[in-house]
Amino acid sequence: MGEENAALATAEEILKYAEEEFDKAIRTGDILLYRNAVDKAFLSMVLAVNSYISQKMKVIPNSHGERRSLLRKMNREDLRALYSDVMKTLHDEAFYEGVYNPEEADYAIKQVKTLLEKLKRELDPRRVSENLTR
């Protein structure tokens with residue numbers, strides 16, 4: 001469990017940097033910083049989802065497609081859909097295509113933050129042991 005917790009901690013740290021860079025990019029109009037910030041936010045989601053899948057299925061996905069496929073097999077269509085949506089907004093459009101849409105990017109970053117909080121609670125070993133003792 002330690003590696004999964006470390007991965008979630010790393011995801012949270014990367015997201016913190018992403019949020020700081022995103023705010024600075026919006027204030028200064030720095031498009032390159034904006035693109036880097038949104039891709040960092042997406043990276044934090046990738047790490048968090050990998051940690052979740054690893055803990056539940058004992059496998060680490062190697063690609064976006066494999067990640068989405070495993071989430072579907074886990075009956076986590078909600079998480080698969082969110083992952084796909086955030087990937088499209090932050091990774092494909094903002095980072096690769098250079099689409100500058102701060103409102104959509106900010107919304108997606110907030111979705112990543114909410115997801116990290118949910119996964120952290122869901123993967124908390126104390127919560128799992130409490131559920132087993134009930």
# chains A, B, ... in the order shown; residues from 1 in each chain; ligands from 1
>>> residues_around(residues="A:Glu117", least_positions_apart="5", cutoff="10 Å", atoms="only C-alpha atoms", output="list of chain:residue names")
A:Leu8, A:Glu12, A:Ala48, A:Gln111, A:Val112, A:Glu122
>>> residues_around(residues="A:Ile14", least_positions_apart="3", cutoff="7 Å", atoms="only C-alpha atoms", output="list in words")
Thr10, Ala11, Tyr17, Ala18, Lys40, Ala41 and Ser44 of chain A
>>> closest_atom_pairs(of="stretch 26-58 of chain A", to="stretch 73-77 of chain A", cutoff="9 Å", atoms="only C-alpha atoms", output="JSON lines")
{"residue": "A:Ile53", "atom": "CA", "partner": "A:Met74", "partner_atom": "CA", "distance": 8.6}
{"residue": "A:Lys56", "atom": "CA", "partner": "A:Met74", "partner_atom": "CA", "distance": 8.5}
{"residue": "A:Met57", "atom": "CA", "partner": "A:Met74", "partner_atom": "CA", "distance": 8.4}
>>> residues_around(residues="A:Val38", least_positions_apart="6", cutoff="7 Å", atoms="only C-alpha atoms", output="number ranges by chain")
A: 18, 22, 90, 94-95, 105
>>> write_last_selection(atoms="C-alpha atoms", output="PDB file, in the first residue's frame")
ATOM      1  CA  ALA A  18       0.086  23.017 -11.536  1.00  0.00           C
ATOM      2  CA  PHE A  22      -1.872  28.072 -13.796  1.00  0.00           C
ATOM      3  CA  LEU A  90      -6.168  19.641 -20.453  1.00  0.00           C
ATOM      4  CA  ALA A  94      -4.826  22.974 -24.015  1.00  0.00           C
ATOM      5  CA  PHE A  95      -1.407  21.336 -24.087  1.00  0.00           C
ATOM      6  CA  ALA A 105      -9.070  24.482 -17.863  1.00  0.00           C
TER       7      ALA A 105
END
>>> atom_distance(atom1="atom CA of A:Glu19", atom2="atom CA of A:Arg126")
28.9 Å
>>> select_by_dssp(residues="chain A", states="alpha helix (DSSP H)", output="NGL selection string")
:A and (2-28 or 31-57 or 64-73 or 77-86 or 102-122 or 125-133)
>>> closest_residue(among="A:Leu82, A:Pro125, A:Tyr107, A:Gly98", to="A:Met45", atoms="only C-alpha atoms")
A:Leu82
>>> closest_residue(among="A:Lys58, A:His91, A:Lys118, A:Lys24", to="A:Leu43", atoms="only C-alpha atoms")
A:His91
>>> atom_distance(atom1="atom CA of A:Tyr52", atom2="atom CA of A:Thr89")
21.6 Å
>>> atom_distance(atom1="atom CA of A:Pro61", atom2="atom CA of A:Leu116")
17.8 Å
>>> closest_residue(among="A:Val46, A:Leu79, A:Leu33, A:Thr114", to="A:Ser63", atoms="only C-alpha atoms")
A:Val46
>>> closest_residue(among="A:Asp30, A:Tyr100, A:Arg35, A:Leu47", to="A:Ala9", atoms="only C-alpha atoms")
A:Leu47
